[in-house]
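Enquirer: Questions regarding the structure given below will be posed in turn.
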Amino acid sequence: QFFGFFYLPESPRWLVMKGREEDARRALKRILGYDDVESEIQEIKDAESDKETGGKKGFALVKILSTPHVRKALFIGCGLQLFQQLCGINTVIYYSATILKNAGFPPDQAIWLVCVPFGVNFLA
């Protein structure tokens, strides 16, 4: 990952903010893979001018909830978090060695058996 960092283009938004529009065009062409990037450059300029003038009035939550795809992602993410907390899997993971010992496994074997789901949970 670290070496891949050297091949990343600079942020087109940052380049536009610094007045380096030609560099921003080159970066966008590299990222998007096509040459007509004028509409994207204009969108960046519009967003920056909105930000400087205070942008559109209103609460961020209203903006989030009024955008259908963002609202859907928000509800899915909150639902998954709520489900994870309510299903109690954290308790099972925390007490899994004790559960295995109570199920009849020897203590040394129970500790090593717990390493498998812990490893999978860590890698996931």
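The chains in the structure tokens are called A, B, ... from first to last as shown; in each chain the residues are counted from 1, and the ligands are counted from 1 in the order shown.
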Quick one: residues within 12 Å of stretch 17-23 of chain A, only C-alpha atoms counted, chain neighbours fewer than 2 positions away excluded, as an mmCIF file with N, CA, C and O atoms, in the first residue's frame?
Expert:
```cif
data_model
loop_
_atom_site.group_PDB
_atom_site.id
_atom_site.type_symbol
_atom_site.label_atom_id
_atom_site.label_comp_id
_atom_site.auth_asym_id
_atom_site.auth_seq_id
_atom_site.Cartn_x
_atom_site.Cartn_y
_atom_site.Cartn_z
ATOM 1 N N PRO A 9 -2.571 10.133 -8.143
ATOM 2 C CA PRO A 9 -2.570 11.531 -8.606
ATOM 3 C C PRO A 9 -2.984 12.455 -7.466
ATOM 4 O O PRO A 9 -3.625 12.031 -6.503
ATOM 5 N N GLU A 10 -2.603 13.725 -7.599
ATOM 6 C CA GLU A 10 -3.032 14.694 -6.603
ATOM 7 C C GLU A 10 -4.532 14.903 -6.725
ATOM 8 O O GLU A 10 -5.129 14.659 -7.772
ATOM 9 N N SER A 11 -5.139 15.394 -5.676
ATOM 10 C CA SER A 11 -6.575 15.606 -5.663
ATOM 11 C C SER A 11 -6.951 16.731 -6.619
ATOM 12 O O SER A 11 -6.446 17.848 -6.495
ATOM 13 N N PRO A 12 -7.849 16.469 -7.570
ATOM 14 C CA PRO A 12 -8.273 17.530 -8.485
ATOM 15 C C PRO A 12 -8.910 18.704 -7.751
ATOM 16 O O PRO A 12 -8.716 19.860 -8.125
ATOM 17 N N ARG A 13 -9.650 18.432 -6.694
ATOM 18 C CA ARG A 13 -10.280 19.509 -5.927
ATOM 19 C C ARG A 13 -9.216 20.412 -5.305
ATOM 20 O O ARG A 13 -9.314 21.632 -5.334
ATOM 21 N N TRP A 14 -8.182 19.822 -4.744
ATOM 22 C CA TRP A 14 -7.104 20.599 -4.140
ATOM 23 C C TRP A 14 -6.377 21.423 -5.205
ATOM 24 O O TRP A 14 -6.046 22.592 -4.982
ATOM 25 N N LEU A 15 -6.154 20.813 -6.358
ATOM 26 C CA LEU A 15 -5.468 21.523 -7.438
ATOM 27 C C LEU A 15 -6.290 22.723 -7.907
ATOM 28 O O LEU A 15 -5.739 23.798 -8.159
ATOM 29 N N ARG A 25 -7.072 19.123 -14.528
ATOM 30 C CA ARG A 25 -7.606 18.451 -15.726
ATOM 31 C C ARG A 25 -6.827 17.162 -16.008
ATOM 32 O O ARG A 25 -7.418 16.128 -16.313
ATOM 33 N N ARG A 26 -5.504 17.245 -15.922
ATOM 34 C CA ARG A 26 -4.680 16.049 -16.167
ATOM 35 C C ARG A 26 -4.995 14.956 -15.138
ATOM 36 O O ARG A 26 -5.096 13.773 -15.487
ATOM 37 N N ALA A 27 -5.142 15.350 -13.872
ATOM 38 C CA ALA A 27 -5.449 14.367 -12.824
ATOM 39 C C ALA A 27 -6.821 13.737 -13.061
ATOM 40 O O ALA A 27 -6.974 12.518 -12.933
ATOM 41 N N LEU A 28 -7.812 14.540 -13.424
ATOM 42 C CA LEU A 28 -9.146 13.998 -13.696
ATOM 43 C C LEU A 28 -9.140 13.074 -14.905
ATOM 44 O O LEU A 28 -9.807 12.038 -14.898
ATOM 45 N N LYS A 29 -8.401 13.448 -15.937
ATOM 46 C CA LYS A 29 -8.308 12.578 -17.121
ATOM 47 C C LYS A 29 -7.698 11.235 -16.747
ATOM 48 O O LYS A 29 -8.134 10.183 -17.212
ATOM 49 N N ARG A 30 -6.706 11.274 -15.866
ATOM 50 C CA ARG A 30 -6.045 10.033 -15.435
ATOM 51 C C ARG A 30 -6.995 9.196 -14.579
ATOM 52 O O ARG A 30 -7.052 7.975 -14.716
ATOM 53 N N VAL A 37 -13.387 16.528 -19.336
ATOM 54 C CA VAL A 37 -13.536 16.669 -17.884
ATOM 55 C C VAL A 37 -13.971 18.079 -17.490
ATOM 56 O O VAL A 37 -13.941 18.424 -16.311
ATOM 57 N N GLU A 38 -14.385 18.877 -18.477
ATOM 58 C CA GLU A 38 -14.752 20.261 -18.177
ATOM 59 C C GLU A 38 -15.945 20.357 -17.232
ATOM 60 O O GLU A 38 -15.986 21.237 -16.369
ATOM 61 N N GLU A 40 -16.734 18.274 -14.852
ATOM 62 C CA GLU A 40 -16.262 17.962 -13.507
ATOM 63 C C GLU A 40 -15.495 19.138 -12.903
ATOM 64 O O GLU A 40 -15.651 19.452 -11.722
ATOM 65 N N ILE A 41 -14.676 19.803 -13.724
ATOM 66 C CA ILE A 41 -13.934 20.981 -13.253
ATOM 67 C C ILE A 41 -14.918 22.065 -12.831
ATOM 68 O O ILE A 41 -14.756 22.701 -11.785
ATOM 69 N N GLN A 42 -15.984 22.240 -13.626
ATOM 70 C CA GLN A 42 -16.978 23.252 -13.294
ATOM 71 C C GLN A 42 -17.719 22.895 -12.008
ATOM 72 O O GLN A 42 -18.004 23.772 -11.191
ATOM 73 N N ILE A 44 -16.510 21.250 -9.505
ATOM 74 C CA ILE A 44 -15.582 21.530 -8.410
ATOM 75 C C ILE A 44 -15.563 23.021 -8.106
ATOM 76 O O ILE A 44 -15.623 23.435 -6.943
ATOM 77 N N LYS A 45 -15.515 23.833 -9.167
ATOM 78 C CA LYS A 45 -15.518 25.287 -8.969
ATOM 79 C C LYS A 45 -16.811 25.748 -8.306
ATOM 80 O O LYS A 45 -16.789 26.583 -7.396
ATOM 81 N N ASP A 46 -17.942 25.201 -8.753
ATOM 82 C CA ASP A 46 -19.227 25.573 -8.166
ATOM 83 C C ASP A 46 -19.294 25.181 -6.692
ATOM 84 O O ASP A 46 -19.780 25.947 -5.859
ATOM 85 N N ALA A 47 -18.813 24.003 -6.381
ATOM 86 C CA ALA A 47 -18.832 23.552 -4.992
ATOM 87 C C ALA A 47 -17.953 24.443 -4.117
ATOM 88 O O ALA A 47 -18.317 24.770 -2.990
ATOM 89 N N GLU A 48 -16.809 24.837 -4.645
ATOM 90 C CA GLU A 48 -15.916 25.707 -3.873
ATOM 91 C C GLU A 48 -16.516 27.093 -3.685
ATOM 92 O O GLU A 48 -16.406 27.675 -2.620
ATOM 93 N N SER A 49 -17.177 27.606 -4.723
ATOM 94 C CA SER A 49 -17.792 28.922 -4.577
ATOM 95 C C SER A 49 -18.966 28.862 -3.606
ATOM 96 O O SER A 49 -19.194 29.797 -2.842
ATOM 97 N N LYS A 51 -19.134 26.844 -1.096
ATOM 98 C CA LYS A 51 -18.532 26.719 0.228
ATOM 99 C C LYS A 51 -18.048 28.076 0.739
ATOM 100 O O LYS A 51 -18.198 28.388 1.917
ATOM 101 N N GLU A 52 -17.508 28.877 -0.145
ATOM 102 C CA GLU A 52 -17.006 30.193 0.251
ATOM 103 C C GLU A 52 -18.142 31.147 0.599
ATOM 104 O O GLU A 52 -18.009 31.976 1.496
#
```
Enquirer: Name the residues in contact with stretch 84-99 of chain A at a cut-off of 8 Å, using only C-alpha atoms, excluding same-chain residues fewer than 5 positions from it; report them as number ranges by chain.
Expert: A: 107, 110-111, 113-114, 118
Enquirer: Please write the residues from the selection above to a file, keeping N, CA and C atoms, as an mmCIF file, in the first residue's frame.
Expert:
```cif
data_model
loop_
_atom_site.group_PDB
_atom_site.id
_atom_site.type_symbol
_atom_site.label_atom_id
_atom_site.label_comp_id
_atom_site.auth_asym_id
_atom_site.auth_seq_id
_atom_site.Cartn_x
_atom_site.Cartn_y
_atom_site.Cartn_z
ATOM 1 N N PRO A 107 -9.478 -27.196 29.151
ATOM 2 C CA PRO A 107 -9.162 -25.762 29.081
ATOM 3 C C PRO A 107 -8.100 -25.403 28.035
ATOM 4 N N ALA A 110 -9.721 -25.650 24.629
ATOM 5 C CA ALA A 110 -10.749 -24.619 24.447
ATOM 6 C C ALA A 110 -10.121 -23.293 24.048
ATOM 7 N N ILE A 111 -9.002 -22.957 24.663
ATOM 8 C CA ILE A 111 -8.328 -21.693 24.332
ATOM 9 C C ILE A 111 -7.863 -21.701 22.881
ATOM 10 N N LEU A 113 -9.086 -23.561 20.425
ATOM 11 C CA LEU A 113 -10.258 -23.585 19.537
ATOM 12 C C LEU A 113 -10.854 -22.189 19.360
ATOM 13 N N VAL A 114 -10.711 -21.359 20.356
ATOM 14 C CA VAL A 114 -11.231 -19.999 20.283
ATOM 15 C C VAL A 114 -10.412 -19.153 19.314
ATOM 16 N N PHE A 118 -11.610 -16.107 16.426
ATOM 17 C CA PHE A 118 -10.976 -14.813 16.674
ATOM 18 C C PHE A 118 -10.155 -14.382 15.460
#
```
Enquirer: Could you tell me how far atom CA of A:Leu82 sits from atom CA of A:Pro117, in Å to one decimal place?
Expert: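 Atom CA of A:Leu82 lies 21.7 Å from atom CA of A:Pro117.
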